[in-house]
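Note sheet for the following structure.
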Amino acid sequence: MMVSLALLLLGALAAVAAPRLLSRAEWPEREPVVALWVWQCVVAAVLLSFALSMTFSAAAAWQAVRGHVFAPAPHGVMEAYSLGANRPWSAVLAVVLASGGLWTAAMLTREIHRARRRRRTRRAALLVRSPALPGEKAGCDPLVVLESERSDAWWLSGAAPQLVVTTAALRRLKGRQLDAVLAHEQGHARARHDWLLHCSGALANGFPQVPVFAAFRDEMHRLVELAADDAASRRFGRRTIALALVELNEDRGVFGPGTAPDAQLPRRVSRLLSPVERLTAGRRLRLTAAATLVPVVPLLIAFVPALRALG
């Protein structure tokens, strides 16, 4: 029971403290790819802590579960966990955590179904507005030009991904700006940012009162755009992608006074036009390695009694 409580407390502490610590750090804006990895590791550690706590609680509450969990363990390991005490409370904790796990799976499934439905709806609307010509196969062209007076460009993910650009955007984008927009959207596709957004959205919608999940969703939306901006800027320059962002969004009031739906866009443009020095390769490596070790902490806590019994 003590191991279950320790894992539960670890998960709760990480869920509360991690967003506060990461929000105070300045380096994520400079290294969005590293920041994406750090956030994923933190959330994985929280989920793993709760999953292990559920497993040990269920093992303490029910003999059948205990037999499966400790079946491959050497003699004396199971006794080291003192699973016989507090069985009623262990059962309650196991049921609560299992319910949370099922709810998480349900939210993720719902988010994936919604995303697929939205994608089908957008593809159907795209075919209506830009039908295939005779002899063409619908949905196979990687670049689709859409007649519209609104400057816009977006990536339509799926088995046959497409970049959709409006005619107004083509009139406004000059030189290599269109190539920079394409590189930005391809950066999203290569890194599978859509999956990050689906997972973070599912966790935040399923558990809106958990700080780490709400912050995870908000930071994923911000960091994936910064990472895609950097991917495009490495090929076409920061000024080119910054001007492309301005041209695509200038008519939407994003850069004027007041609050706009895309309030992050001015900050993204400023970041591109006034770049700060990246972290050194050594520090990036240390941050990545430290983040990778975060999910190992709950595993160490879970195996401490077993290691003591064996050693």
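Chain labels A, B, ... are given in the sequence in which chains occur in the structure tokens; within each chain residues are numbered consecutively from 1, and ligands are likewise numbered from 1 in the order shown.
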Neighbours of Ala94 in chain A within 7 Å (only C-alpha atoms; same-chain residues fewer than 3 positions away dropped), as a PDB file with all heavy atoms, in the first residue's frame?
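In the end it all went to result08.pdb:
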```
ATOM      1  N   MET A  54      -2.275   2.162  -9.584  1.00  0.00           N
ATOM      2  CA  MET A  54      -3.462   1.328  -9.780  1.00  0.00           C
ATOM      3  C   MET A  54      -3.091  -0.151  -9.753  1.00  0.00           C
ATOM      4  O   MET A  54      -3.790  -0.975  -9.132  1.00  0.00           O
ATOM      5  CB  MET A  54      -4.121   1.676 -11.115  1.00  0.00           C
ATOM      6  CG  MET A  54      -5.329   0.826 -11.461  1.00  0.00           C
ATOM      7  SD  MET A  54      -5.748   0.888 -13.218  1.00  0.00           S
ATOM      8  CE  MET A  54      -4.345   0.022 -13.936  1.00  0.00           C
ATOM      9  N   SER A  57      -2.236  -1.246  -6.186  1.00  0.00           N
ATOM     10  CA  SER A  57      -3.451  -1.220  -5.362  1.00  0.00           C
ATOM     11  C   SER A  57      -4.335  -2.416  -5.678  1.00  0.00           C
ATOM     12  O   SER A  57      -4.895  -3.053  -4.769  1.00  0.00           O
ATOM     13  CB  SER A  57      -4.220   0.087  -5.601  1.00  0.00           C
ATOM     14  OG  SER A  57      -3.461   1.201  -5.208  1.00  0.00           O
ATOM     15  N   ALA A  58      -4.475  -2.720  -6.959  1.00  0.00           N
ATOM     16  CA  ALA A  58      -5.282  -3.883  -7.342  1.00  0.00           C
ATOM     17  C   ALA A  58      -4.642  -5.175  -6.851  1.00  0.00           C
ATOM     18  O   ALA A  58      -5.339  -6.105  -6.409  1.00  0.00           O
ATOM     19  CB  ALA A  58      -5.452  -3.915  -8.854  1.00  0.00           C
ATOM     20  N   SER A  90      -7.214  -0.149  -0.614  1.00  0.00           N
ATOM     21  CA  SER A  90      -6.526  -0.487  -1.860  1.00  0.00           C
ATOM     22  C   SER A  90      -7.523  -0.739  -2.981  1.00  0.00           C
ATOM     23  O   SER A  90      -7.311  -0.319  -4.130  1.00  0.00           O
ATOM     24  CB  SER A  90      -5.642  -1.719  -1.658  1.00  0.00           C
ATOM     25  OG  SER A  90      -4.630  -1.463  -0.717  1.00  0.00           O
ATOM     26  N   ALA A  91      -8.621  -1.408  -2.658  1.00  0.00           N
ATOM     27  CA  ALA A  91      -9.644  -1.677  -3.670  1.00  0.00           C
ATOM     28  C   ALA A  91     -10.279  -0.383  -4.172  1.00  0.00           C
ATOM     29  O   ALA A  91     -10.499  -0.200  -5.378  1.00  0.00           O
ATOM     30  CB  ALA A  91     -10.707  -2.610  -3.094  1.00  0.00           C
ATOM     31  N   LEU A  97      -8.625   4.743  -9.850  1.00  0.00           N
ATOM     32  CA  LEU A  97      -7.592   4.925 -10.873  1.00  0.00           C
ATOM     33  C   LEU A  97      -7.923   4.183 -12.159  1.00  0.00           C
ATOM     34  O   LEU A  97      -7.642   4.677 -13.260  1.00  0.00           O
ATOM     35  CB  LEU A  97      -6.239   4.467 -10.326  1.00  0.00           C
ATOM     36  CG  LEU A  97      -5.652   5.335  -9.212  1.00  0.00           C
ATOM     37  CD1 LEU A  97      -4.386   4.704  -8.642  1.00  0.00           C
ATOM     38  CD2 LEU A  97      -5.359   6.740  -9.715  1.00  0.00           C
ATOM     39  N   ALA A  98      -8.522   3.004 -12.027  1.00  0.00           N
ATOM     40  CA  ALA A  98      -8.933   2.273 -13.231  1.00  0.00           C
ATOM     41  C   ALA A  98     -10.020   3.033 -13.987  1.00  0.00           C
ATOM     42  O   ALA A  98     -10.013   3.074 -15.226  1.00  0.00           O
ATOM     43  CB  ALA A  98      -9.423   0.885 -12.850  1.00  0.00           C
TER      44      ALA A  98
END
```
Legend entry - Ala115 in chain A environment, 9 Å, only C-alpha atoms, sequence neighbours closer than 5 positions dropped, as a PyMOL selection string: chain A and resi 110+120+198
Those selected residues, please, written with all heavy atoms and delivered as an mmCIF file, in the first residue's frame.
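Writing the result to out12.cif gives the following:
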```cif
data_model
loop_
_atom_site.group_PDB
_atom_site.id
_atom_site.type_symbol
_atom_site.label_atom_id
_atom_site.label_comp_id
_atom_site.auth_asym_id
_atom_site.auth_seq_id
_atom_site.Cartn_x
_atom_site.Cartn_y
_atom_site.Cartn_z
ATOM 1 N N ARG A 110 -12.615 9.294 -28.525
ATOM 2 C CA ARG A 110 -13.541 10.315 -29.009
ATOM 3 C C ARG A 110 -12.817 11.397 -29.798
ATOM 4 O O ARG A 110 -13.290 11.845 -30.844
ATOM 5 C CB ARG A 110 -14.273 10.952 -27.822
ATOM 6 C CG ARG A 110 -15.378 11.909 -28.237
ATOM 7 C CD ARG A 110 -16.018 12.595 -27.050
ATOM 8 N NE ARG A 110 -15.121 13.576 -26.449
ATOM 9 C CZ ARG A 110 -15.501 14.449 -25.515
ATOM 10 N NH1 ARG A 110 -16.748 14.421 -25.048
ATOM 11 N NH2 ARG A 110 -14.641 15.313 -25.009
ATOM 12 N N ARG A 120 -12.821 14.304 -42.793
ATOM 13 C CA ARG A 120 -13.709 13.871 -43.891
ATOM 14 C C ARG A 120 -14.598 15.013 -44.350
ATOM 15 O O ARG A 120 -14.832 15.194 -45.555
ATOM 16 C CB ARG A 120 -14.544 12.672 -43.440
ATOM 17 C CG ARG A 120 -13.769 11.367 -43.355
ATOM 18 C CD ARG A 120 -14.724 10.190 -43.267
ATOM 19 N NE ARG A 120 -15.548 10.248 -42.059
ATOM 20 C CZ ARG A 120 -15.233 9.659 -40.914
ATOM 21 N NH1 ARG A 120 -14.099 8.971 -40.819
ATOM 22 N NH2 ARG A 120 -16.028 9.737 -39.871
ATOM 23 N N HIS A 198 -4.039 15.864 -30.664
ATOM 24 C CA HIS A 198 -5.155 14.982 -30.299
ATOM 25 C C HIS A 198 -5.003 14.459 -28.869
ATOM 26 O O HIS A 198 -5.955 14.484 -28.077
ATOM 27 C CB HIS A 198 -5.240 13.797 -31.268
ATOM 28 C CG HIS A 198 -5.575 14.183 -32.674
ATOM 29 N ND1 HIS A 198 -6.310 15.300 -32.977
ATOM 30 C CD2 HIS A 198 -5.261 13.595 -33.862
ATOM 31 C CE1 HIS A 198 -6.448 15.392 -34.288
ATOM 32 N NE2 HIS A 198 -5.823 14.369 -34.843
#
```
Inset, instruction - For CA of Ala215 in chain A and CA of Arg283 in chain A, quote the distance in Å rounded to one decimal. - result: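 Rounded to one decimal, the two atoms are 24.0 Å apart.
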Neighbours of Arg116 in chain A within 12 Å (only C-alpha atoms; same-chain residues fewer than 2 positions away dropped), as an mmCIF file with all heavy atoms, in the first residue's frame?
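Wrote it out as result_16.cif, contents follow:
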```
data_model
loop_
_atom_site.group_PDB
_atom_site.id
_atom_site.type_symbol
_atom_site.label_atom_id
_atom_site.label_comp_id
_atom_site.auth_asym_id
_atom_site.auth_seq_id
_atom_site.Cartn_x
_atom_site.Cartn_y
_atom_site.Cartn_z
ATOM 1 N N THR A 109 -10.203 8.111 -27.689
ATOM 2 C CA THR A 109 -10.969 7.524 -28.796
ATOM 3 C C THR A 109 -11.932 8.540 -29.387
ATOM 4 O O THR A 109 -12.064 8.666 -30.617
ATOM 5 C CB THR A 109 -11.738 6.294 -28.307
ATOM 6 O OG1 THR A 109 -10.819 5.339 -27.756
ATOM 7 C CG2 THR A 109 -12.510 5.649 -29.444
ATOM 8 N N ARG A 110 -12.615 9.294 -28.525
ATOM 9 C CA ARG A 110 -13.541 10.315 -29.009
ATOM 10 C C ARG A 110 -12.817 11.397 -29.798
ATOM 11 O O ARG A 110 -13.290 11.845 -30.844
ATOM 12 C CB ARG A 110 -14.273 10.952 -27.822
ATOM 13 C CG ARG A 110 -15.378 11.909 -28.237
ATOM 14 C CD ARG A 110 -16.018 12.595 -27.050
ATOM 15 N NE ARG A 110 -15.121 13.576 -26.449
ATOM 16 C CZ ARG A 110 -15.501 14.449 -25.515
ATOM 17 N NH1 ARG A 110 -16.748 14.421 -25.048
ATOM 18 N NH2 ARG A 110 -14.641 15.313 -25.009
ATOM 19 N N GLU A 111 -11.640 11.800 -29.306
ATOM 20 C CA GLU A 111 -10.874 12.847 -29.994
ATOM 21 C C GLU A 111 -10.432 12.374 -31.373
ATOM 22 O O GLU A 111 -10.486 13.144 -32.348
ATOM 23 C CB GLU A 111 -9.657 13.221 -29.142
ATOM 24 C CG GLU A 111 -8.837 14.360 -29.695
ATOM 25 C CD GLU A 111 -9.549 15.696 -29.619
ATOM 26 O OE1 GLU A 111 -10.459 15.840 -28.780
ATOM 27 O OE2 GLU A 111 -9.200 16.590 -30.427
ATOM 28 N N ILE A 112 -10.003 11.122 -31.483
ATOM 29 C CA ILE A 112 -9.570 10.592 -32.780
ATOM 30 C C ILE A 112 -10.742 10.510 -33.746
ATOM 31 O O ILE A 112 -10.636 10.879 -34.933
ATOM 32 C CB ILE A 112 -8.909 9.219 -32.599
ATOM 33 C CG1 ILE A 112 -7.578 9.374 -31.838
ATOM 34 C CG2 ILE A 112 -8.667 8.551 -33.944
ATOM 35 C CD1 ILE A 112 -6.935 8.061 -31.481
ATOM 36 N N HIS A 113 -11.902 10.043 -33.258
ATOM 37 C CA HIS A 113 -13.086 9.961 -34.120
ATOM 38 C C HIS A 113 -13.523 11.346 -34.581
ATOM 39 O O HIS A 113 -13.901 11.544 -35.747
ATOM 40 C CB HIS A 113 -14.228 9.267 -33.383
ATOM 41 C CG HIS A 113 -14.084 7.777 -33.319
ATOM 42 N ND1 HIS A 113 -13.796 7.005 -34.423
ATOM 43 C CD2 HIS A 113 -14.198 6.895 -32.281
ATOM 44 C CE1 HIS A 113 -13.733 5.728 -34.086
ATOM 45 N NE2 HIS A 113 -13.961 5.639 -32.782
ATOM 46 N N ARG A 114 -13.478 12.315 -33.669
ATOM 47 C CA ARG A 114 -13.846 13.680 -34.055
ATOM 48 C C ARG A 114 -12.892 14.244 -35.091
ATOM 49 O O ARG A 114 -13.322 14.915 -36.037
ATOM 50 C CB ARG A 114 -13.862 14.583 -32.817
ATOM 51 C CG ARG A 114 -15.080 14.377 -31.913
ATOM 52 C CD ARG A 114 -15.023 15.344 -30.733
ATOM 53 N NE ARG A 114 -16.234 15.292 -29.944
ATOM 54 C CZ ARG A 114 -16.444 16.031 -28.856
ATOM 55 N NH1 ARG A 114 -15.505 16.867 -28.444
ATOM 56 N NH2 ARG A 114 -17.584 15.936 -28.190
ATOM 57 N N ARG A 118 -13.921 15.458 -38.751
ATOM 58 C CA ARG A 118 -13.626 16.810 -39.247
ATOM 59 C C ARG A 118 -12.831 16.749 -40.551
ATOM 60 O O ARG A 118 -13.087 17.530 -41.477
ATOM 61 C CB ARG A 118 -12.829 17.592 -38.201
ATOM 62 C CG ARG A 118 -13.635 18.045 -37.002
ATOM 63 C CD ARG A 118 -12.872 19.087 -36.196
ATOM 64 N NE ARG A 118 -11.610 18.570 -35.693
ATOM 65 C CZ ARG A 118 -11.459 18.016 -34.499
ATOM 66 N NH1 ARG A 118 -12.489 17.894 -33.689
ATOM 67 N NH2 ARG A 118 -10.272 17.596 -34.101
ATOM 68 N N ARG A 119 -11.863 15.810 -40.618
ATOM 69 C CA ARG A 119 -11.057 15.696 -41.828
ATOM 70 C C ARG A 119 -11.910 15.261 -43.012
ATOM 71 O O ARG A 119 -11.764 15.782 -44.127
ATOM 72 C CB ARG A 119 -9.917 14.712 -41.600
ATOM 73 C CG ARG A 119 -8.919 14.694 -42.737
ATOM 74 C CD ARG A 119 -7.619 14.028 -42.315
ATOM 75 N NE ARG A 119 -7.810 12.653 -41.900
ATOM 76 C CZ ARG A 119 -7.519 12.177 -40.704
ATOM 77 N NH1 ARG A 119 -7.035 12.985 -39.778
ATOM 78 N NH2 ARG A 119 -7.703 10.904 -40.399
ATOM 79 N N ARG A 120 -12.821 14.304 -42.793
ATOM 80 C CA ARG A 120 -13.709 13.871 -43.891
ATOM 81 C C ARG A 120 -14.598 15.013 -44.350
ATOM 82 O O ARG A 120 -14.832 15.194 -45.555
ATOM 83 C CB ARG A 120 -14.544 12.672 -43.440
ATOM 84 C CG ARG A 120 -13.769 11.367 -43.355
ATOM 85 C CD ARG A 120 -14.724 10.190 -43.267
ATOM 86 N NE ARG A 120 -15.548 10.248 -42.059
ATOM 87 C CZ ARG A 120 -15.233 9.659 -40.914
ATOM 88 N NH1 ARG A 120 -14.099 8.971 -40.819
ATOM 89 N NH2 ARG A 120 -16.028 9.737 -39.871
ATOM 90 N N THR A 121 -15.109 15.790 -43.389
ATOM 91 C CA THR A 121 -15.980 16.911 -43.728
ATOM 92 C C THR A 121 -15.230 17.959 -44.532
ATOM 93 O O THR A 121 -15.734 18.495 -45.530
ATOM 94 C CB THR A 121 -16.557 17.542 -42.448
ATOM 95 O OG1 THR A 121 -17.292 16.553 -41.720
ATOM 96 C CG2 THR A 121 -17.481 18.697 -42.783
ATOM 97 N N ARG A 122 -13.983 18.247 -44.122
ATOM 98 C CA ARG A 122 -13.194 19.247 -44.833
ATOM 99 C C ARG A 122 -12.816 18.765 -46.227
ATOM 100 O O ARG A 122 -12.792 19.555 -47.182
ATOM 101 C CB ARG A 122 -11.948 19.590 -44.026
ATOM 102 C CG ARG A 122 -12.248 20.256 -42.695
ATOM 103 C CD ARG A 122 -10.990 20.596 -41.937
ATOM 104 N NE ARG A 122 -10.302 21.744 -42.507
ATOM 105 C CZ ARG A 122 -9.204 22.274 -41.988
ATOM 106 N NH1 ARG A 122 -8.657 21.744 -40.903
ATOM 107 N NH2 ARG A 122 -8.633 23.324 -42.548
ATOM 108 N N ARG A 123 -12.520 17.473 -46.368
ATOM 109 C CA ARG A 123 -12.183 16.952 -47.699
ATOM 110 C C ARG A 123 -13.400 17.001 -48.609
ATOM 111 O O ARG A 123 -13.281 17.317 -49.810
ATOM 112 C CB ARG A 123 -11.662 15.519 -47.586
ATOM 113 C CG ARG A 123 -10.232 15.432 -47.064
ATOM 114 C CD ARG A 123 -9.668 14.039 -47.233
ATOM 115 N NE ARG A 123 -8.304 13.958 -46.708
ATOM 116 C CZ ARG A 123 -7.220 14.316 -47.373
ATOM 117 N NH1 ARG A 123 -7.340 14.783 -48.608
ATOM 118 N NH2 ARG A 123 -6.020 14.215 -46.821
ATOM 119 N N LEU A 156 -3.939 19.630 -44.877
ATOM 120 C CA LEU A 156 -5.002 18.658 -44.653
ATOM 121 C C LEU A 156 -4.347 17.294 -44.510
ATOM 122 O O LEU A 156 -3.889 16.702 -45.488
ATOM 123 C CB LEU A 156 -5.988 18.676 -45.828
ATOM 124 C CG LEU A 156 -7.360 18.038 -45.595
ATOM 125 C CD1 LEU A 156 -8.088 18.686 -44.440
ATOM 126 C CD2 LEU A 156 -8.198 18.148 -46.869
ATOM 127 N N SER A 157 -4.264 16.808 -43.272
ATOM 128 C CA SER A 157 -3.569 15.550 -43.012
ATOM 129 C C SER A 157 -4.411 14.361 -43.460
ATOM 130 O O SER A 157 -5.589 14.501 -43.796
ATOM 131 C CB SER A 157 -3.241 15.435 -41.518
ATOM 132 O OG SER A 157 -4.431 15.477 -40.751
ATOM 133 N N GLY A 158 -3.802 13.183 -43.410
ATOM 134 C CA GLY A 158 -4.502 11.971 -43.810
ATOM 135 C C GLY A 158 -3.592 11.064 -44.617
ATOM 136 O O GLY A 158 -2.374 11.267 -44.696
ATOM 137 N N ALA A 159 -4.195 10.039 -45.239
ATOM 138 C CA ALA A 159 -3.410 9.097 -46.045
ATOM 139 C C ALA A 159 -2.776 9.790 -47.243
ATOM 140 O O ALA A 159 -1.672 9.441 -47.667
ATOM 141 C CB ALA A 159 -4.306 7.949 -46.508
ATOM 142 N N ASP A 194 -0.151 16.510 -35.345
ATOM 143 C CA ASP A 194 -1.584 16.293 -35.145
ATOM 144 C C ASP A 194 -1.849 15.298 -34.025
ATOM 145 O O ASP A 194 -2.814 15.449 -33.257
ATOM 146 C CB ASP A 194 -2.243 15.827 -36.449
ATOM 147 C CG ASP A 194 -1.567 14.598 -37.049
ATOM 148 O OD1 ASP A 194 -0.351 14.409 -36.824
ATOM 149 O OD2 ASP A 194 -2.246 13.816 -37.748
ATOM 150 N N TRP A 195 -0.982 14.287 -33.883
ATOM 151 C CA TRP A 195 -1.173 13.313 -32.812
ATOM 152 C C TRP A 195 -0.923 13.943 -31.439
ATOM 153 O O TRP A 195 -1.613 13.628 -30.464
ATOM 154 C CB TRP A 195 -0.258 12.115 -33.024
ATOM 155 C CG TRP A 195 -0.788 11.161 -34.031
ATOM 156 C CD1 TRP A 195 -0.413 11.029 -35.330
ATOM 157 C CD2 TRP A 195 -1.855 10.218 -33.839
ATOM 158 N NE1 TRP A 195 -1.161 10.057 -35.964
ATOM 159 C CE2 TRP A 195 -2.050 9.544 -35.067
ATOM 160 C CE3 TRP A 195 -2.661 9.882 -32.750
ATOM 161 C CZ2 TRP A 195 -3.012 8.562 -35.229
ATOM 162 C CZ3 TRP A 195 -3.623 8.898 -32.919
ATOM 163 C CH2 TRP A 195 -3.790 8.249 -34.138
ATOM 164 N N HIS A 198 -4.039 15.864 -30.664
ATOM 165 C CA HIS A 198 -5.155 14.982 -30.299
ATOM 166 C C HIS A 198 -5.003 14.459 -28.869
ATOM 167 O O HIS A 198 -5.955 14.484 -28.077
ATOM 168 C CB HIS A 198 -5.240 13.797 -31.268
ATOM 169 C CG HIS A 198 -5.575 14.183 -32.674
ATOM 170 N ND1 HIS A 198 -6.310 15.300 -32.977
ATOM 171 C CD2 HIS A 198 -5.261 13.595 -33.862
ATOM 172 C CE1 HIS A 198 -6.448 15.392 -34.288
ATOM 173 N NE2 HIS A 198 -5.823 14.369 -34.843
#
```
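Nearest to Thr288 in chain A of all the residues A:Pro72, A:Pro32, A:Pro142, A:Pro19 is A:Pro32, counting only C-alpha atoms.
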Inset, instruction - Apply DSSP to the backbone of this structure and, from range 19-136 of chain A, keep only the residues in helix (DSSP H, G or I); write these as a PyMOL selection string. - result: chain A and resi 19-24+27-30+32-61+63-69+77-80+87-129
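Residues in contact with range 229-232 of chain A at up to 6 Å, not including ones fewer than 6 positions away on its chain and judged by only C-alpha atoms, are Ala180, Ala183 and His184 of chain A.
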Inset, instruction - Can you pull out every residue within 8 Å of Val3 in chain A, counting only C-alpha atoms, but drop anything in the same chain fewer than 4 positions away, and send it as a ChimeraX atom specification? - result: /A:7,53,56,81,301-302
Output N, CA and C atoms of each residue in that selection to a file, as an mmCIF file, in the first residue's frame.
```cif
data_model
loop_
_atom_site.group_PDB
_atom_site.id
_atom_site.type_symbol
_atom_site.label_atom_id
_atom_site.label_comp_id
_atom_site.auth_asym_id
_atom_site.auth_seq_id
_atom_site.Cartn_x
_atom_site.Cartn_y
_atom_site.Cartn_z
ATOM 1 N N LEU A 7 3.487 6.382 -5.269
ATOM 2 C CA LEU A 7 3.318 6.632 -6.701
ATOM 3 C C LEU A 7 2.187 7.621 -6.956
ATOM 4 N N SER A 53 0.421 2.900 -9.655
ATOM 5 C CA SER A 53 -0.320 2.949 -8.392
ATOM 6 C C SER A 53 -1.578 2.098 -8.467
ATOM 7 N N PHE A 56 -0.498 -1.746 -8.284
ATOM 8 C CA PHE A 56 -0.151 -2.229 -6.957
ATOM 9 C C PHE A 56 -1.353 -2.209 -6.011
ATOM 10 N N TYR A 81 6.458 -6.178 -0.509
ATOM 11 C CA TYR A 81 5.522 -5.083 -0.775
ATOM 12 C C TYR A 81 4.423 -4.971 0.284
ATOM 13 N N ILE A 301 10.654 3.895 -8.060
ATOM 14 C CA ILE A 301 9.863 3.794 -6.833
ATOM 15 C C ILE A 301 9.129 2.466 -6.782
ATOM 16 N N ALA A 302 8.624 2.038 -7.923
ATOM 17 C CA ALA A 302 7.860 0.791 -7.959
ATOM 18 C C ALA A 302 8.738 -0.422 -7.664
#
```
Legend entry - Of the listed residues A:Cys41, A:Leu36, A:Val269, A:Val46, that which approaches Val210 in chain A most closely, counting only C-alpha atoms: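 Among A:Cys41, A:Leu36, A:Val269, A:Val46, it is A:Val46 that comes nearest to Val210 in chain A.
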Inset, instruction - Could you give me, as number ranges by chain, the residues within 12 Å of Arg278 in chain A, counting only C-alpha atoms and dropping anything in the same chain fewer than 3 positions from it? - result: A: 26-34, 230, 275, 281-284
Legend entry - Point-to-point distance from CA of Asn249 in chain A to CA of Arg150 in chain A, Å rounded to tenths: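 It comes out at 9.4 Å.
Distances here use only C-alpha atoms; by that measure, the residue among A:Arg20, A:His75, A:Arg268, A:His68 closest to Ala309 in chain A is A:His75.
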Legend entry - For CA of Gly201 in chain A and CA of Gln40 in chain A, the interatomic separation in Å (one decimal):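 Those two atoms sit 13.2 Å apart.
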Inset, instruction - Report as JSON, numbers by chain: the residues of range 44-221 of chain A with a DSSP assignment of strand (DSSP E or B), based on the backbone of this structure. - result: {"A": [143, 144, 145, 146, 153, 154, 155, 156, 162, 163, 164, 165, 166]}
Legend entry - Counting only C-alpha atoms, the option among A:Arg176, A:Arg66, A:Arg222, A:Arg117 closest to Ala35 in chain A: A:Arg222
